[in-house]
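Trainee: Please find work_8.txt (compact mmCIF, N, CA and C atoms) on the next line:
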```txt
# COMPACT_ATOMS: atom_id res chain seq x y z
N MET A 1 116.99 95.36 108.99
CA MET A 1 117.61 95.65 107.71
C MET A 1 116.56 95.89 106.64
N THR A 2 115.49 95.17 106.65
CA THR A 2 114.49 95.27 105.59
C THR A 2 113.56 96.46 105.76
N TYR A 3 113.35 96.92 107.00
CA TYR A 3 112.38 98.00 107.22
C TYR A 3 112.78 99.32 106.56
N PRO A 4 114.04 99.73 106.58
CA PRO A 4 114.39 100.95 105.83
C PRO A 4 114.17 100.80 104.33
N ILE A 5 114.39 99.62 103.81
CA ILE A 5 114.14 99.38 102.38
C ILE A 5 112.65 99.48 102.10
N ILE A 6 111.84 98.95 102.99
CA ILE A 6 110.38 99.06 102.84
C ILE A 6 109.97 100.53 102.87
N CYS A 7 110.58 101.30 103.73
CA CYS A 7 110.28 102.73 103.83
C CYS A 7 110.61 103.44 102.52
N ILE A 8 111.74 103.13 101.93
CA ILE A 8 112.14 103.75 100.67
C ILE A 8 111.19 103.34 99.54
N ILE A 9 110.82 102.08 99.50
CA ILE A 9 109.89 101.62 98.46
C ILE A 9 108.53 102.31 98.61
N CYS A 10 108.05 102.42 99.85
CA CYS A 10 106.76 103.08 100.08
C CYS A 10 106.82 104.55 99.68
N TYR A 11 107.91 105.22 99.98
CA TYR A 11 108.06 106.63 99.59
C TYR A 11 108.02 106.75 98.06
N THR A 12 108.69 105.84 97.37
CA THR A 12 108.70 105.86 95.91
C THR A 12 107.30 105.61 95.35
N VAL A 13 106.59 104.65 95.92
CA VAL A 13 105.23 104.35 95.46
C VAL A 13 104.32 105.55 95.66
N VAL A 14 104.39 106.18 96.82
CA VAL A 14 103.55 107.34 97.10
C VAL A 14 103.90 108.50 96.17
N THR A 15 105.17 108.70 95.91
CA THR A 15 105.58 109.77 95.00
C THR A 15 105.03 109.53 93.60
N LEU A 16 105.03 108.30 93.15
CA LEU A 16 104.47 107.99 91.83
C LEU A 16 102.96 108.13 91.81
N VAL A 17 102.30 107.73 92.88
CA VAL A 17 100.84 107.81 92.93
C VAL A 17 100.37 109.26 93.05
N LYS A 18 101.19 110.13 93.62
CA LYS A 18 100.83 111.55 93.72
C LYS A 18 100.57 112.16 92.35
N ARG A 19 101.18 111.63 91.33
CA ARG A 19 101.03 112.16 89.98
C ARG A 19 99.72 111.72 89.32
N THR A 20 98.98 110.84 89.97
CA THR A 20 97.70 110.39 89.42
C THR A 20 96.57 111.23 90.00
N SER A 21 95.34 110.86 89.69
CA SER A 21 94.19 111.62 90.15
C SER A 21 93.69 111.16 91.52
N LEU A 22 94.40 110.24 92.16
CA LEU A 22 93.98 109.76 93.48
C LEU A 22 94.04 110.90 94.49
N ALA A 23 93.01 111.00 95.34
CA ALA A 23 92.97 112.06 96.34
C ALA A 23 94.13 111.90 97.33
N LYS A 24 94.73 113.02 97.73
CA LYS A 24 95.90 113.01 98.60
C LYS A 24 95.60 112.47 100.00
N GLU A 25 94.32 112.45 100.39
CA GLU A 25 93.96 111.94 101.71
C GLU A 25 94.22 110.45 101.83
N TRP A 26 94.29 109.74 100.72
CA TRP A 26 94.48 108.30 100.73
C TRP A 26 95.94 107.89 100.73
N LEU A 27 96.85 108.82 100.56
CA LEU A 27 98.26 108.47 100.44
C LEU A 27 98.85 107.83 101.70
N PRO A 28 98.58 108.34 102.91
CA PRO A 28 99.11 107.65 104.09
C PRO A 28 98.58 106.22 104.25
N LEU A 29 97.30 106.03 103.95
CA LEU A 29 96.73 104.68 104.03
C LEU A 29 97.37 103.76 102.99
N LEU A 30 97.56 104.27 101.78
CA LEU A 30 98.22 103.50 100.74
C LEU A 30 99.64 103.13 101.14
N SER A 31 100.35 104.09 101.72
CA SER A 31 101.73 103.84 102.14
C SER A 31 101.80 102.82 103.27
N GLY A 32 100.90 102.93 104.24
CA GLY A 32 100.88 101.97 105.35
C GLY A 32 100.54 100.57 104.88
N CYS A 33 99.55 100.46 103.99
CA CYS A 33 99.17 99.14 103.48
C CYS A 33 100.27 98.55 102.60
N THR A 34 100.93 99.38 101.81
CA THR A 34 102.04 98.90 100.99
C THR A 34 103.17 98.38 101.87
N GLY A 35 103.48 99.12 102.94
CA GLY A 35 104.52 98.68 103.87
C GLY A 35 104.17 97.37 104.55
N ALA A 36 102.91 97.24 104.98
CA ALA A 36 102.48 95.99 105.62
C ALA A 36 102.56 94.82 104.64
N LEU A 37 102.12 95.03 103.41
CA LEU A 37 102.17 93.98 102.40
C LEU A 37 103.61 93.57 102.09
N LEU A 38 104.49 94.54 101.94
CA LEU A 38 105.90 94.22 101.67
C LEU A 38 106.54 93.47 102.83
N ALA A 39 106.19 93.84 104.06
CA ALA A 39 106.76 93.16 105.22
C ALA A 39 106.26 91.72 105.32
N VAL A 40 104.99 91.51 105.03
CA VAL A 40 104.45 90.15 105.07
C VAL A 40 105.11 89.30 103.98
N LEU A 41 105.28 89.87 102.79
CA LEU A 41 105.97 89.14 101.72
C LEU A 41 107.41 88.83 102.13
N SER A 42 108.07 89.78 102.76
CA SER A 42 109.44 89.55 103.22
C SER A 42 109.49 88.51 104.33
N PHE A 43 108.46 88.48 105.16
CA PHE A 43 108.42 87.51 106.25
C PHE A 43 108.42 86.08 105.71
N TYR A 44 107.72 85.88 104.62
CA TYR A 44 107.65 84.54 104.04
C TYR A 44 108.80 84.24 103.08
N THR A 45 109.30 85.24 102.37
CA THR A 45 110.34 84.97 101.37
C THR A 45 111.75 85.17 101.89
N LEU A 46 111.95 86.15 102.76
CA LEU A 46 113.28 86.45 103.30
C LEU A 46 113.24 86.55 104.82
N PRO A 47 112.89 85.49 105.51
CA PRO A 47 112.74 85.60 106.97
C PRO A 47 114.06 85.90 107.70
N GLN A 48 115.19 85.58 107.10
CA GLN A 48 116.46 85.84 107.76
C GLN A 48 116.79 87.33 107.82
N TYR A 49 116.18 88.15 106.96
CA TYR A 49 116.46 89.58 106.92
C TYR A 49 115.43 90.41 107.67
N LEU A 50 114.35 89.81 108.09
CA LEU A 50 113.27 90.55 108.73
C LEU A 50 113.23 90.19 110.21
N ALA A 51 113.35 91.16 111.06
CA ALA A 51 113.33 90.93 112.50
C ALA A 51 111.88 90.91 112.99
N ALA A 52 111.20 89.82 112.74
CA ALA A 52 109.81 89.68 113.16
C ALA A 52 109.57 88.26 113.66
N GLU A 53 108.81 88.16 114.75
CA GLU A 53 108.53 86.85 115.33
C GLU A 53 107.27 86.22 114.75
N SER A 54 106.37 87.04 114.24
CA SER A 54 105.13 86.53 113.66
C SER A 54 104.76 87.39 112.46
N VAL A 55 103.78 86.92 111.72
CA VAL A 55 103.34 87.67 110.55
C VAL A 55 102.66 88.98 110.96
N LEU A 56 101.96 88.97 112.09
CA LEU A 56 101.34 90.21 112.57
C LEU A 56 102.39 91.23 112.99
N HIS A 57 103.43 90.75 113.63
CA HIS A 57 104.53 91.62 114.02
C HIS A 57 105.17 92.24 112.78
N ALA A 58 105.38 91.45 111.75
CA ALA A 58 105.96 91.94 110.50
C ALA A 58 105.03 92.96 109.84
N ALA A 59 103.74 92.66 109.79
CA ALA A 59 102.78 93.58 109.16
C ALA A 59 102.72 94.91 109.91
N PHE A 60 102.74 94.85 111.23
CA PHE A 60 102.69 96.07 112.04
C PHE A 60 103.92 96.95 111.77
N HIS A 61 105.09 96.35 111.81
CA HIS A 61 106.31 97.14 111.58
C HIS A 61 106.42 97.60 110.12
N GLY A 62 105.90 96.81 109.20
CA GLY A 62 105.87 97.25 107.81
C GLY A 62 104.96 98.44 107.61
N ALA A 63 103.80 98.41 108.26
CA ALA A 63 102.88 99.54 108.18
C ALA A 63 103.51 100.79 108.80
N LEU A 64 104.22 100.63 109.90
CA LEU A 64 104.91 101.77 110.50
C LEU A 64 106.00 102.31 109.58
N SER A 65 106.67 101.43 108.87
CA SER A 65 107.68 101.88 107.91
C SER A 65 107.04 102.66 106.78
N GLY A 66 105.90 102.20 106.32
CA GLY A 66 105.18 102.92 105.28
C GLY A 66 104.70 104.28 105.73
N LEU A 67 104.19 104.34 106.95
CA LEU A 67 103.74 105.63 107.49
C LEU A 67 104.92 106.56 107.77
N ALA A 68 106.06 105.99 108.11
CA ALA A 68 107.26 106.82 108.31
C ALA A 68 107.69 107.47 107.01
N ALA A 69 107.45 106.81 105.89
CA ALA A 69 107.80 107.39 104.60
C ALA A 69 106.98 108.65 104.33
N THR A 70 105.68 108.60 104.57
CA THR A 70 104.85 109.79 104.35
C THR A 70 105.10 110.82 105.44
N GLY A 71 105.36 110.38 106.65
CA GLY A 71 105.65 111.32 107.73
C GLY A 71 106.96 112.06 107.51
N GLY A 72 107.97 111.36 107.02
CA GLY A 72 109.25 112.00 106.73
C GLY A 72 109.11 113.06 105.65
N ASN A 73 108.29 112.78 104.66
CA ASN A 73 108.04 113.76 103.60
C ASN A 73 107.35 114.99 104.18
N GLN A 74 106.37 114.79 105.05
CA GLN A 74 105.64 115.91 105.63
C GLN A 74 106.52 116.73 106.57
N VAL A 75 107.43 116.09 107.29
CA VAL A 75 108.33 116.83 108.18
C VAL A 75 109.18 117.79 107.36
N PHE A 76 109.72 117.32 106.25
CA PHE A 76 110.53 118.18 105.39
C PHE A 76 109.69 119.30 104.80
N LYS A 77 108.51 118.98 104.32
CA LYS A 77 107.64 119.98 103.71
C LYS A 77 107.24 121.06 104.72
N GLN A 78 106.88 120.65 105.94
CA GLN A 78 106.49 121.61 106.96
C GLN A 78 107.68 122.46 107.42
N ALA A 79 108.89 121.87 107.42
CA ALA A 79 110.08 122.65 107.78
C ALA A 79 110.34 123.74 106.75
N VAL A 80 110.14 123.42 105.48
CA VAL A 80 110.32 124.43 104.43
C VAL A 80 109.27 125.52 104.57
N LYS A 81 108.03 125.14 104.87
CA LYS A 81 106.97 126.14 105.06
C LYS A 81 107.29 127.06 106.24
N LEU A 82 107.77 126.49 107.33
CA LEU A 82 108.13 127.28 108.51
C LEU A 82 109.28 128.23 108.20
N PHE A 83 110.28 127.75 107.47
CA PHE A 83 111.40 128.60 107.07
C PHE A 83 110.90 129.77 106.22
N CYS A 84 110.02 129.48 105.28
CA CYS A 84 109.47 130.53 104.42
C CYS A 84 108.68 131.55 105.23
N LYS A 85 107.90 131.05 106.17
CA LYS A 85 107.09 131.95 107.00
C LYS A 85 107.99 132.85 107.85
N ASN A 86 109.04 132.30 108.43
CA ASN A 86 109.94 133.09 109.28
C ASN A 86 110.76 134.10 108.49
N HIS A 87 110.98 133.86 107.21
CA HIS A 87 111.79 134.76 106.39
C HIS A 87 110.96 135.60 105.42
N GLY A 88 109.64 135.58 105.58
CA GLY A 88 108.77 136.42 104.77
C GLY A 88 108.68 136.00 103.32
N ILE A 89 108.82 134.72 103.05
CA ILE A 89 108.74 134.20 101.68
C ILE A 89 107.40 133.52 101.51
N ASP A 90 106.73 133.80 100.40
CA ASP A 90 105.45 133.17 100.11
C ASP A 90 105.69 131.74 99.63
N TYR A 91 105.29 130.76 100.42
CA TYR A 91 105.54 129.35 100.09
C TYR A 91 104.85 128.95 98.80
N ASP A 92 103.65 129.49 98.55
CA ASP A 92 102.90 129.11 97.35
C ASP A 92 103.57 129.61 96.08
N ARG A 93 104.39 130.65 96.19
CA ARG A 93 105.09 131.18 95.03
C ARG A 93 106.56 130.77 95.02
N LEU A 94 106.91 129.77 95.80
CA LEU A 94 108.31 129.35 95.92
C LEU A 94 108.88 128.87 94.60
N ASP A 95 108.09 128.18 93.80
CA ASP A 95 108.58 127.70 92.50
C ASP A 95 108.96 128.85 91.57
N GLN A 96 108.26 129.98 91.68
CA GLN A 96 108.57 131.12 90.84
C GLN A 96 109.86 131.81 91.27
N LEU A 97 110.22 131.66 92.54
CA LEU A 97 111.43 132.31 93.05
C LEU A 97 112.70 131.53 92.74
N LEU A 98 112.56 130.22 92.52
CA LEU A 98 113.72 129.38 92.24
C LEU A 98 114.16 129.58 90.79
N PRO A 99 115.47 129.49 90.54
CA PRO A 99 115.93 129.69 89.16
C PRO A 99 115.49 128.53 88.27
N ASN A 100 115.21 128.86 87.02
CA ASN A 100 114.80 127.86 86.04
C ASN A 100 116.06 127.26 85.43
N THR A 101 116.28 125.98 85.66
CA THR A 101 117.52 125.36 85.19
C THR A 101 117.45 124.94 83.74
N SER A 102 116.27 124.98 83.13
CA SER A 102 116.17 124.56 81.74
C SER A 102 116.62 125.65 80.78
N GLU A 103 116.56 126.91 81.20
CA GLU A 103 117.00 128.01 80.36
C GLU A 103 118.47 128.30 80.65
N PRO A 104 119.24 128.68 79.62
CA PRO A 104 120.65 128.99 79.86
C PRO A 104 120.80 130.28 80.67
N THR A 105 121.80 130.32 81.52
CA THR A 105 122.07 131.52 82.30
C THR A 105 122.77 132.54 81.42
N ASP A 106 122.96 133.75 81.93
CA ASP A 106 123.61 134.79 81.15
C ASP A 106 125.03 134.42 80.78
N SER A 107 125.77 133.80 81.69
CA SER A 107 127.16 133.44 81.40
C SER A 107 127.22 132.35 80.33
N THR A 108 126.26 131.42 80.35
CA THR A 108 126.24 130.37 79.34
C THR A 108 125.90 130.96 77.97
N ALA A 109 124.94 131.88 77.93
CA ALA A 109 124.56 132.51 76.67
C ALA A 109 125.72 133.34 76.12
N ARG A 110 126.46 134.04 77.02
CA ARG A 110 127.61 134.83 76.60
C ARG A 110 128.70 133.94 76.01
N GLU A 111 128.96 132.79 76.62
CA GLU A 111 129.97 131.87 76.14
C GLU A 111 129.61 131.32 74.76
N GLU A 112 128.30 131.06 74.56
CA GLU A 112 127.87 130.53 73.26
C GLU A 112 128.03 131.56 72.17
N THR A 113 127.72 132.84 72.46
CA THR A 113 127.84 133.87 71.42
C THR A 113 129.31 134.17 71.15
N GLU A 114 130.18 134.06 72.15
CA GLU A 114 131.60 134.30 71.93
C GLU A 114 132.23 133.23 71.07
N THR A 115 131.78 131.97 71.23
CA THR A 115 132.34 130.89 70.43
C THR A 115 131.84 130.93 69.00
N GLU A 116 130.65 131.49 68.76
CA GLU A 116 130.13 131.59 67.42
C GLU A 116 130.85 132.64 66.58
N VAL A 117 131.36 133.69 67.22
CA VAL A 117 132.01 134.80 66.50
C VAL A 117 133.37 134.47 66.06
```
Starting from the file, lay out its structure as structure tokens.
Mentor:
Amino acid sequence: MTYPIICIICYTVVTLVKRTSLAKEWLPLLSGCTGALLAVLSFYTLPQYLAAESVLHAAFHGALSGLAATGGNQVFKQAVKLFCKNHGIDYDRLDQLLPNTSEPTDSTAREETETEV
């Protein structure tokens, strides 16, 4: 029960750390260590929710949960890259191809001008 929660927390931590100047090569290590630390803390504070026989067992599975968080992100990212490659879309320019949701669309602008008149 606790390992999926550890995975979600590790994914959130890595997503927040990505916005800093830390090199991206360290993110899997950070995620694995965060998962191991959370599992060890859970082993001592919430042993009834953690399926671990020893602290090493908990740390190992916590580290795997942390690495699964970064691996899951990479699986999705690589699937999008493969889709773009197969359909002739430049992945590096993908942000430019997506609609900008901050600007009003033509129908929204038309509705605003009609209500003003």
Trainee: Could you jot down the atom N of Thr15 of chain A to atom CA of Pro47 of chain A separation for me, Å, one decimal place?
Mentor: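 Atom CA of Pro47 of chain A lies 26.7 Å from atom N of Thr15 of chain A.
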Trainee: Do you have the atom N of Gln96 of chain A-atom CA of Ile8 of chain A distance handy?
Mentor: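 Computed distance, atom N of Gln96 of chain A to atom CA of Ile8 of chain A, equals 28.0 Å.
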Trainee: How many Å lie between atom C of Lys85 of chain A and atom C of Asn73 of chain A, rounded to one decimal?
Mentor: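 Distance between the two atoms: 18.2 Å.
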Trainee: Using backbone DSSP assignments, extract all alpha helix (DSSP H) residues from segment 57-96 of chain A; output them as a ChimeraX atom specification.
Mentor: /A:57-86,94-96
Trainee: Can you list, as a list in words, every protein, DNA or RNA residue that comes within 8 Å of Ser54 of chain A when you count only N, CA and C atoms, leaving out same-chain residues fewer than 5 positions away?
Mentor: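 Returned residues: Val40, Phe43, Ala59 and Phe60 of chain A.
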Trainee: Which residues come within 12 Å of Ser42 of chain A, counting only C-alpha atoms, excluding same-chain residues fewer than 2 positions away, as number ranges by chain?
Mentor: A: 1-3, 5-6, 35-40, 44-52, 54-55, 58-59, 61-62
